[in-house]
Amino acid sequence: MGYEEITFEKGTIFLVTGGAGFIGSNLCEALLKRGHKVRCLDDLSNGKQENVALFLDKPEYTFIQGDIRELPICMKACENVDYVLHQAAWGSVPRSIELPLLYEEINIKGTLNMMEAARENQVKKFVYASSSSVYGDEPNLPKKEGVEGNLLSPYAITKRVNEEYGRIYTRLYGLDTYGLRYFNVFGKRQDPDGAYAAVIPKFIRQLLHNERPTINGDGKQSRDFTYIENVIEANLKACKASHEAAGEAYNIAFGGREYLVDLYFELCEALDKKVEPIYGPERTGDIRHSNADIGKAERLLGYEPEWSFKRGITEAIQWYKNNL
Ligand SMILES: NC(=O)c1ccc[n+]([C@@H]2O[C@H](COP(=O)([O-])OP(=O)(O)OC[C@H]3O[C@@H](n4cnc5c(N)ncnc54)[C@H](O)[C@@H]3O)[C@@H](O)[C@H]2O)c1
């Protein structure tokens, strides 16, 4: 079962932080389609006004432009909210290596503010974005919750600290928190531009514009690329999860493994391009292989991802062809 059968009471209010970004805007869209009230909080630092404009004509949608570093804004945003889906953060491992202090402020302090505001407003569930980067240099595959290595970047530290606060907020204050360790999410509206763009939209844009993409390293690194629909399912199922499952973090992936170089040539084929990539230096702070054991989310959240990499990439490519 995906998420089609999950229902919430009429009048349920969801707060999506980071709702002007890639994952957040897809969550807003899925919730609005199901008739729920959605409040989006975003400072538009990395998100896009156009991802807000998409929904502004819907009476169930409200947009608050604000910064999660400011507690009063978080408090106001959480008023009367049933579920918080907290996605706001600065992403990108390399950028966090350049800006560790900013990452601490936004990703750690901002998330703590959101948890505090959710607790104060007696929110039912606080579901938040963590990341596969918390596995650091742990070499064993598949990655399993509880077997983490040394962290490799400030970004990974921020996500790990979020998880510790999540655990504490459940234990000490009774706020049901669920950390979702996303593994390389992809899908429509993921930003293909800029130095810190994710690899799938970046390669697609470059190939569509007849540019030569650069693969960092030898291309033999692997990832558990996860289609956005699976992430939506995980968020909705976490909202329905038991109190016993709270205070924990869960791998959210498909459970597959794609090598970067294979992904590259698959994209070339799908886009009908014959372009040899440039092989550049490896990126500092990068994990070599990443592939998830999703058993914990299956058991405790009822997560059953329906979108394989192949199925997802076909949809994503079609979207970029129509929208780039
Ligand atoms: N995309 C992935 O593959 C992936 C993987 C692992 C974890 N994550 C996590 O998932 C979440 C969403 O990621 P995304 O890919 O949609 O990123 P994104 O950059 O597209 O979206 C993040 C949003 O948060 C907003 N934001 C940033 N700082 C803010 C602040 N101080 N106050 C309010 N809003 C702020 C941005 O403007 C943006 O719209 C993030 O927490 C990210 O770390 C993403």
# chains A, B, ... in the order shown; residues from 1 in each chain; ligands from 1

call {"tool": "residues_around", "arguments": {"residues": "Asp42 (chain A)", "least_positions_apart": "5", "cutoff": "10 Å", "atoms": "only C-alpha atoms", "output": "ChimeraX atom specification"}}
result
/A:16-21,24,47-49,52,63-68,87-89

call {"tool": "write_last_selection", "arguments": {"atoms": "N, CA and C atoms", "output": "compact mmCIF listing (two decimals), in the first residue's frame"}}
result
# COMPACT_ATOMS: atom_id res chain seq x y z
N VAL A 16 4.00 22.73 6.86
CA VAL A 16 5.17 22.24 6.13
C VAL A 16 6.21 23.34 6.16
N THR A 17 7.31 23.12 6.89
CA THR A 17 8.39 24.11 6.84
C THR A 17 9.27 23.76 5.65
N GLY A 18 9.85 24.80 5.05
CA GLY A 18 10.63 24.56 3.83
C GLY A 18 9.72 24.20 2.66
N GLY A 19 8.47 24.66 2.74
CA GLY A 19 7.46 24.29 1.74
C GLY A 19 7.67 24.93 0.38
N ALA A 20 8.61 25.89 0.28
CA ALA A 20 8.89 26.48 -1.04
C ALA A 20 10.04 25.74 -1.73
N GLY A 21 10.56 24.72 -1.06
CA GLY A 21 11.66 23.96 -1.63
C GLY A 21 11.16 22.73 -2.38
N GLY A 24 9.45 19.97 0.26
CA GLY A 24 8.33 20.65 0.91
C GLY A 24 7.20 20.98 -0.05
N GLY A 47 14.40 28.29 -1.35
CA GLY A 47 13.16 27.90 -2.03
C GLY A 47 12.76 28.92 -3.07
N LYS A 48 11.70 28.62 -3.79
CA LYS A 48 11.32 29.50 -4.89
C LYS A 48 9.91 30.04 -4.70
N GLN A 49 9.77 31.33 -5.00
CA GLN A 49 8.46 31.96 -4.97
C GLN A 49 7.49 31.20 -5.88
N VAL A 52 5.54 28.55 -4.33
CA VAL A 52 4.48 29.04 -3.46
C VAL A 52 3.31 29.48 -4.35
N PHE A 63 0.64 30.87 3.15
CA PHE A 63 2.10 30.99 3.12
C PHE A 63 2.56 32.01 4.14
N ILE A 64 3.51 31.61 4.97
CA ILE A 64 4.15 32.56 5.90
C ILE A 64 5.60 32.67 5.48
N GLN A 65 6.02 33.87 5.10
CA GLN A 65 7.46 34.03 4.81
C GLN A 65 8.16 34.35 6.12
N GLY A 66 9.01 33.45 6.57
CA GLY A 66 9.66 33.66 7.86
C GLY A 66 10.80 32.69 8.06
N ASP A 67 11.62 33.02 9.06
CA ASP A 67 12.88 32.30 9.29
C ASP A 67 12.74 31.43 10.56
N ILE A 68 13.08 30.16 10.44
CA ILE A 68 12.96 29.26 11.60
C ILE A 68 13.97 29.57 12.70
N GLN A 87 10.78 20.43 7.03
CA GLN A 87 11.77 20.19 5.96
C GLN A 87 12.78 21.33 5.85
N ALA A 88 12.49 22.48 6.45
CA ALA A 88 13.36 23.65 6.27
C ALA A 88 14.75 23.36 6.82
N ALA A 89 15.74 23.61 6.00
CA ALA A 89 17.14 23.42 6.38
C ALA A 89 17.97 23.88 5.20

call {"tool": "residues_around", "arguments": {"residues": "region 198-212 of chain A", "least_positions_apart": "3", "cutoff": "8 Å", "atoms": "only C-alpha atoms", "output": "VMD selection string"}}
result
chain A and resid 186 190 to 193 264 267 to 268 271 273 275 to 278 317 320 to 321 324

call {"tool": "residues_around", "arguments": {"residues": "region 127-136 of chain A", "least_positions_apart": "2", "cutoff": "9 Å", "atoms": "only C-alpha atoms", "output": "JSON, numbers by chain"}}
result
{"A": [83, 84, 85, 86, 87, 88, 89, 93, 111, 125, 138, 139, 143, 144, 145, 147, 148, 149, 150, 151, 152, 153, 155, 156, 157, 158, 159, 160, 162, 163, 166, 176, 177, 178, 179, 180, 181, 182, 183, 184, 235, 238, 239, 249, 250, 251, 252, 285, 286, 287, 290, 291, 292]}

call {"tool": "closest_residue", "arguments": {"among": "A:Gln221, A:Gln122, A:Asn140, A:Thr284", "to": "Gly174 (chain A)", "atoms": "only C-alpha atoms"}}
result
A:Gln122

call {"tool": "closest_residue", "arguments": {"among": "A:Ile108, A:Ala30, A:Leu301, A:Leu44", "to": "ligand 1", "atoms": "only C-alpha atoms and all ligand atoms"}}
result
A:Leu44

call {"tool": "select_by_dssp", "arguments": {"residues": "region 107-310 of chain A", "states": "alpha helix (DSSP H)", "output": "count of residues only"}}
result
73

call {"tool": "closest_residue", "arguments": {"among": "A:Arg189, A:Lys220, A:Arg119, A:Arg171", "to": "ligand 1", "atoms": "only C-alpha atoms and all ligand atoms"}}
result
A:Arg189

call {"tool": "closest_residue", "arguments": {"among": "A:Ser222, A:Leu31, A:Phe14, A:Glu98", "to": "Val123 (chain A)", "atoms": "only C-alpha atoms"}}
result
A:Phe14

call {"tool": "closest_residue", "arguments": {"among": "A:Leu15, A:Ala253, A:Leu260, A:Ile23", "to": "Pro142 (chain A)", "atoms": "only C-alpha atoms"}}
result
A:Ala253

call {"tool": "closest_residue", "arguments": {"among": "A:Ser242, A:Asn113, A:Asn107, A:Ser308", "to": "Arg257 (chain A)", "atoms": "only C-alpha atoms"}}
result
A:Ser308

call {"tool": "residues_around", "arguments": {"residues": "region 230-232 of chain A", "least_positions_apart": "6", "cutoff": "7 Å", "atoms": "only C-alpha atoms", "output": "JSON list (two decimals) with C-alpha atoms, in the first residue's frame"}}
result
[["chain", "number", "residue", "atom", "x", "y", "z"],
["A", 27, "LEU", "CA", 4.40, 17.58, 0.31],
["A", 252, "ILE", "CA", 13.70, 6.41, 3.98],
["A", 305, "PRO", "CA", 7.76, 2.25, -1.09],
["A", 306, "GLU", "CA", 6.11, 1.66, -4.45],
["A", 307, "TRP", "CA", 8.38, 3.72, -6.65]]

call {"tool": "residues_around", "arguments": {"residues": "Pro59 (chain A)", "least_positions_apart": "4", "cutoff": "10 Å", "atoms": "only C-alpha atoms", "output": "VMD selection string"}}
result
chain A and resid 32 37 to 38 55

call {"tool": "select_by_dssp", "arguments": {"residues": "region 56-137 of chain A", "states": "strand (DSSP E)", "output": "list in words"}}
result
Tyr61, Thr62, Phe63, Ile64, Gln65, Tyr83, Val84, Leu85, His86, Lys125, Phe126, Val127, Tyr128, Ala129, Ser130 and Ser131 of chain A

call {"tool": "atom_distance", "arguments": {"atom1": "atom 41 (O, counted along the ligand's line) of ligand 1", "atom2": "CA of Asp218 (chain A)"}}
result
28.1 Å

call {"tool": "residues_around", "arguments": {"residues": "Gly312 (chain A)", "least_positions_apart": "2", "cutoff": "9 Å", "atoms": "only C-alpha atoms", "output": "ChimeraX atom specification"}}
result
/A:186-187,226-229,307-310,314-317

call {"tool": "residues_around", "arguments": {"residues": "Ala77 (chain A)", "least_positions_apart": "5", "cutoff": "9 Å", "atoms": "only C-alpha atoms", "output": "list in words"}}
result
Leu15, Arg39, Cys40, Leu41, Ile64, Pro72 and Ala117 of chain A

call {"tool": "write_last_selection", "arguments": {"atoms": "N, CA and C atoms", "output": "short mmCIF file (atom, residue, chain, number, x, y, z; two decimals), in the first residue's frame"}}
result
data_model
loop_
_atom_site.label_atom_id
_atom_site.label_comp_id
_atom_site.auth_asym_id
_atom_site.auth_seq_id
_atom_site.Cartn_x
_atom_site.Cartn_y
_atom_site.Cartn_z
N LEU A 15 1.50 21.83 9.01
CA LEU A 15 2.50 22.87 8.77
C LEU A 15 3.67 22.22 8.05
N ARG A 39 -0.29 24.91 5.85
CA ARG A 39 0.41 26.16 6.11
C ARG A 39 1.87 25.93 5.74
N CYS A 40 2.42 26.83 4.96
CA CYS A 40 3.81 26.67 4.53
C CYS A 40 4.64 27.78 5.18
N LEU A 41 5.73 27.40 5.82
CA LEU A 41 6.66 28.38 6.40
C LEU A 41 7.99 28.26 5.69
N ILE A 64 3.51 31.61 4.97
CA ILE A 64 4.15 32.56 5.90
C ILE A 64 5.60 32.67 5.48
N PRO A 72 9.60 33.30 17.83
CA PRO A 72 8.21 33.79 17.74
C PRO A 72 7.53 33.42 16.42
N ALA A 117 8.35 24.96 19.50
CA ALA A 117 7.06 25.56 19.12
C ALA A 117 6.00 24.47 18.99
#

call {"tool": "decode", "arguments": {"residues": "region 38-182 of chain A", "atoms": "C-alpha atoms", "output": "PDB file, in the first residue's frame"}}
result
ATOM      1  CA  VAL A  38      -1.669  23.418   4.575  1.00  0.00           C
ATOM      2  CA  ARG A  39       0.412  26.164   6.109  1.00  0.00           C
ATOM      3  CA  CYS A  40       3.814  26.674   4.531  1.00  0.00           C
ATOM      4  CA  LEU A  41       6.658  28.383   6.404  1.00  0.00           C
ATOM      5  CA  ASP A  42       9.711  29.310   4.353  1.00  0.00           C
ATOM      6  CA  ASP A  43      12.138  32.232   4.238  1.00  0.00           C
ATOM      7  CA  LEU A  44      12.723  31.741   0.498  1.00  0.00           C
ATOM      8  CA  SER A  45      16.486  31.585   1.080  1.00  0.00           C
ATOM      9  CA  ASN A  46      16.782  28.538  -1.181  1.00  0.00           C
ATOM     10  CA  GLY A  47      13.156  27.897  -2.026  1.00  0.00           C
ATOM     11  CA  LYS A  48      11.320  29.501  -4.888  1.00  0.00           C
ATOM     12  CA  GLN A  49       8.459  31.965  -4.973  1.00  0.00           C
ATOM     13  CA  GLU A  50       7.078  29.998  -7.935  1.00  0.00           C
ATOM     14  CA  ASN A  51       6.711  26.914  -5.688  1.00  0.00           C
ATOM     15  CA  VAL A  52       4.476  29.042  -3.465  1.00  0.00           C
ATOM     16  CA  ALA A  53       2.624  30.738  -6.339  1.00  0.00           C
ATOM     17  CA  LEU A  54       1.531  27.279  -7.542  1.00  0.00           C
ATOM     18  CA  PHE A  55      -0.899  26.971  -4.610  1.00  0.00           C
ATOM     19  CA  LEU A  56      -1.793  30.563  -3.662  1.00  0.00           C
ATOM     20  CA  ASP A  57      -5.192  30.373  -5.362  1.00  0.00           C
ATOM     21  CA  LYS A  58      -6.239  27.527  -3.038  1.00  0.00           C
ATOM     22  CA  PRO A  59      -8.150  28.654   0.071  1.00  0.00           C
ATOM     23  CA  GLU A  60      -6.699  25.734   2.070  1.00  0.00           C
ATOM     24  CA  TYR A  61      -3.147  27.023   1.519  1.00  0.00           C
ATOM     25  CA  THR A  62      -1.447  29.766   3.547  1.00  0.00           C
ATOM     26  CA  PHE A  63       2.100  30.988   3.115  1.00  0.00           C
ATOM     27  CA  ILE A  64       4.148  32.557   5.898  1.00  0.00           C
ATOM     28  CA  GLN A  65       7.456  34.033   4.813  1.00  0.00           C
ATOM     29  CA  GLY A  66       9.660  33.662   7.863  1.00  0.00           C
ATOM     30  CA  ASP A  67      12.880  32.302   9.295  1.00  0.00           C
ATOM     31  CA  ILE A  68      12.957  29.257  11.604  1.00  0.00           C
ATOM     32  CA  ARG A  69      15.833  30.884  13.496  1.00  0.00           C
ATOM     33  CA  GLU A  70      13.196  33.161  15.045  1.00  0.00           C
ATOM     34  CA  LEU A  71      11.234  31.412  17.796  1.00  0.00           C
ATOM     35  CA  PRO A  72       8.205  33.795  17.742  1.00  0.00           C
ATOM     36  CA  ILE A  73       7.710  33.017  14.039  1.00  0.00           C
ATOM     37  CA  CYS A  74       7.866  29.264  14.723  1.00  0.00           C
ATOM     38  CA  MET A  75       5.377  29.693  17.590  1.00  0.00           C
ATOM     39  CA  LYS A  76       2.917  31.597  15.417  1.00  0.00           C
ATOM     40  CA  ALA A  77       3.283  29.101  12.560  1.00  0.00           C
ATOM     41  CA  CYS A  78       2.451  26.188  14.911  1.00  0.00           C
ATOM     42  CA  GLU A  79      -0.767  27.692  16.289  1.00  0.00           C
ATOM     43  CA  ASN A  80      -3.655  25.193  15.915  1.00  0.00           C
ATOM     44  CA  VAL A  81      -1.497  22.869  13.837  1.00  0.00           C
ATOM     45  CA  ASP A  82      -2.090  19.091  14.034  1.00  0.00           C
ATOM     46  CA  TYR A  83       1.022  17.830  12.235  1.00  0.00           C
ATOM     47  CA  VAL A  84       4.375  19.449  11.494  1.00  0.00           C
ATOM     48  CA  LEU A  85       6.381  18.190   8.513  1.00  0.00           C
ATOM     49  CA  HIS A  86       9.668  19.994   9.118  1.00  0.00           C
ATOM     50  CA  GLN A  87      11.766  20.193   5.960  1.00  0.00           C
ATOM     51  CA  ALA A  88      13.360  23.648   6.271  1.00  0.00           C
ATOM     52  CA  ALA A  89      17.143  23.424   6.381  1.00  0.00           C
ATOM     53  CA  TRP A  90      20.158  24.218   4.310  1.00  0.00           C
ATOM     54  CA  GLY A  91      21.209  21.167   2.309  1.00  0.00           C
ATOM     55  CA  SER A  92      24.480  20.254   0.547  1.00  0.00           C
ATOM     56  CA  VAL A  93      27.510  18.681   2.176  1.00  0.00           C
ATOM     57  CA  PRO A  94      30.131  20.836   0.335  1.00  0.00           C
ATOM     58  CA  ARG A  95      28.365  24.107   1.158  1.00  0.00           C
ATOM     59  CA  SER A  96      28.228  23.129   4.840  1.00  0.00           C
ATOM     60  CA  ILE A  97      32.003  22.651   4.782  1.00  0.00           C
ATOM     61  CA  GLU A  98      32.276  26.298   3.665  1.00  0.00           C
ATOM     62  CA  LEU A  99      29.649  27.654   6.072  1.00  0.00           C
ATOM     63  CA  PRO A 100      29.641  25.596   9.290  1.00  0.00           C
ATOM     64  CA  LEU A 101      28.363  28.411  11.521  1.00  0.00           C
ATOM     65  CA  LEU A 102      25.381  29.143   9.303  1.00  0.00           C
ATOM     66  CA  TYR A 103      24.474  25.444   9.210  1.00  0.00           C
ATOM     67  CA  GLU A 104      24.581  25.296  12.977  1.00  0.00           C
ATOM     68  CA  GLU A 105      22.245  28.310  13.215  1.00  0.00           C
ATOM     69  CA  ILE A 106      19.687  27.199  10.659  1.00  0.00           C
ATOM     70  CA  ASN A 107      19.704  23.426  10.855  1.00  0.00           C
ATOM     71  CA  ILE A 108      20.268  22.964  14.585  1.00  0.00           C
ATOM     72  CA  LYS A 109      18.867  26.111  16.241  1.00  0.00           C
ATOM     73  CA  GLY A 110      16.064  26.383  13.661  1.00  0.00           C
ATOM     74  CA  THR A 111      14.998  22.768  14.179  1.00  0.00           C
ATOM     75  CA  LEU A 112      15.160  23.130  17.961  1.00  0.00           C
ATOM     76  CA  ASN A 113      12.929  26.226  17.694  1.00  0.00           C
ATOM     77  CA  MET A 114      10.461  24.219  15.621  1.00  0.00           C
ATOM     78  CA  MET A 115      10.386  21.344  18.130  1.00  0.00           C
ATOM     79  CA  GLU A 116       9.882  23.791  20.988  1.00  0.00           C
ATOM     80  CA  ALA A 117       7.065  25.558  19.121  1.00  0.00           C
ATOM     81  CA  ALA A 118       5.429  22.209  18.315  1.00  0.00           C
ATOM     82  CA  ARG A 119       5.633  21.149  21.974  1.00  0.00           C
ATOM     83  CA  GLU A 120       4.246  24.463  23.218  1.00  0.00           C
ATOM     84  CA  ASN A 121       1.335  24.220  20.765  1.00  0.00           C
ATOM     85  CA  GLN A 122       0.637  20.547  21.554  1.00  0.00           C
ATOM     86  CA  VAL A 123       1.122  19.394  18.003  1.00  0.00           C
ATOM     87  CA  LYS A 124       0.153  15.712  17.512  1.00  0.00           C
ATOM     88  CA  LYS A 125       3.234  14.604  15.563  1.00  0.00           C
ATOM     89  CA  PHE A 126       6.501  16.256  14.597  1.00  0.00           C
ATOM     90  CA  VAL A 127       7.991  14.608  11.510  1.00  0.00           C
ATOM     91  CA  TYR A 128      11.347  15.990  10.397  1.00  0.00           C
ATOM     92  CA  ALA A 129      13.891  15.542   7.628  1.00  0.00           C
ATOM     93  CA  SER A 130      17.125  13.857   8.624  1.00  0.00           C
ATOM     94  CA  SER A 131      19.635  12.474   6.141  1.00  0.00           C
ATOM     95  CA  SER A 132      21.635   9.424   5.113  1.00  0.00           C
ATOM     96  CA  SER A 133      24.734  11.576   5.769  1.00  0.00           C
ATOM     97  CA  VAL A 134      24.435  10.593   9.465  1.00  0.00           C
ATOM     98  CA  TYR A 135      26.047   7.259   8.504  1.00  0.00           C
ATOM     99  CA  GLY A 136      29.341   9.085   7.878  1.00  0.00           C
ATOM    100  CA  ASP A 137      32.193   6.722   7.099  1.00  0.00           C
ATOM    101  CA  GLU A 138      30.370   3.557   8.204  1.00  0.00           C
ATOM    102  CA  PRO A 139      31.456   1.071   5.498  1.00  0.00           C
ATOM    103  CA  ASN A 140      28.891  -1.706   5.923  1.00  0.00           C
ATOM    104  CA  LEU A 141      26.025  -1.990   3.463  1.00  0.00           C
ATOM    105  CA  PRO A 142      23.114  -1.745   3.643  1.00  0.00           C
ATOM    106  CA  LYS A 143      23.130   1.094   6.169  1.00  0.00           C
ATOM    107  CA  LYS A 144      21.136   0.198   9.243  1.00  0.00           C
ATOM    108  CA  GLU A 145      19.841   2.449  12.001  1.00  0.00           C
ATOM    109  CA  GLY A 146      22.085   2.052  15.058  1.00  0.00           C
ATOM    110  CA  VAL A 147      25.253   1.324  13.062  1.00  0.00           C
ATOM    111  CA  GLU A 148      26.669   4.761  12.251  1.00  0.00           C
ATOM    112  CA  GLY A 149      30.278   5.763  11.632  1.00  0.00           C
ATOM    113  CA  ASN A 150      32.219   8.996  12.112  1.00  0.00           C
ATOM    114  CA  LEU A 151      30.459  12.005  10.652  1.00  0.00           C
ATOM    115  CA  LEU A 152      32.107  13.613   7.633  1.00  0.00           C
ATOM    116  CA  SER A 153      30.631  17.124   7.407  1.00  0.00           C
ATOM    117  CA  PRO A 154      28.998  19.931   9.388  1.00  0.00           C
ATOM    118  CA  TYR A 155      25.757  19.135   7.521  1.00  0.00           C
ATOM    119  CA  ALA A 156      25.825  15.560   8.843  1.00  0.00           C
ATOM    120  CA  ILE A 157      26.466  16.857  12.364  1.00  0.00           C
ATOM    121  CA  THR A 158      23.395  19.094  12.178  1.00  0.00           C
ATOM    122  CA  LYS A 159      21.172  16.183  11.147  1.00  0.00           C
ATOM    123  CA  ARG A 160      22.587  13.946  13.855  1.00  0.00           C
ATOM    124  CA  VAL A 161      21.978  16.631  16.494  1.00  0.00           C
ATOM    125  CA  ASN A 162      18.391  17.021  15.223  1.00  0.00           C
ATOM    126  CA  GLU A 163      17.889  13.307  15.843  1.00  0.00           C
ATOM    127  CA  GLU A 164      19.243  13.586  19.397  1.00  0.00           C
ATOM    128  CA  TYR A 165      16.868  16.466  20.125  1.00  0.00           C
ATOM    129  CA  GLY A 166      14.063  14.465  18.518  1.00  0.00           C
ATOM    130  CA  ARG A 167      14.741  11.614  20.920  1.00  0.00           C
ATOM    131  CA  ILE A 168      14.908  13.952  23.915  1.00  0.00           C
ATOM    132  CA  TYR A 169      11.729  15.819  22.983  1.00  0.00           C
ATOM    133  CA  THR A 170       9.844  12.525  22.875  1.00  0.00           C
ATOM    134  CA  ARG A 171      11.354  11.158  26.094  1.00  0.00           C
ATOM    135  CA  LEU A 172      11.273  14.316  28.204  1.00  0.00           C
ATOM    136  CA  TYR A 173       8.381  16.302  26.822  1.00  0.00           C
ATOM    137  CA  GLY A 174       6.100  13.698  25.232  1.00  0.00           C
ATOM    138  CA  LEU A 175       6.247  15.269  21.752  1.00  0.00           C
ATOM    139  CA  ASP A 176       6.021  12.421  19.218  1.00  0.00           C
ATOM    140  CA  THR A 177       8.943  13.030  16.844  1.00  0.00           C
ATOM    141  CA  TYR A 178       9.942  10.911  13.849  1.00  0.00           C
ATOM    142  CA  GLY A 179      13.243  11.528  12.034  1.00  0.00           C
ATOM    143  CA  LEU A 180      13.272  10.506   8.383  1.00  0.00           C
ATOM    144  CA  ARG A 181      16.743   9.781   7.053  1.00  0.00           C
ATOM    145  CA  TYR A 182      16.214  10.560   3.381  1.00  0.00           C
TER     146      TYR A 182
END
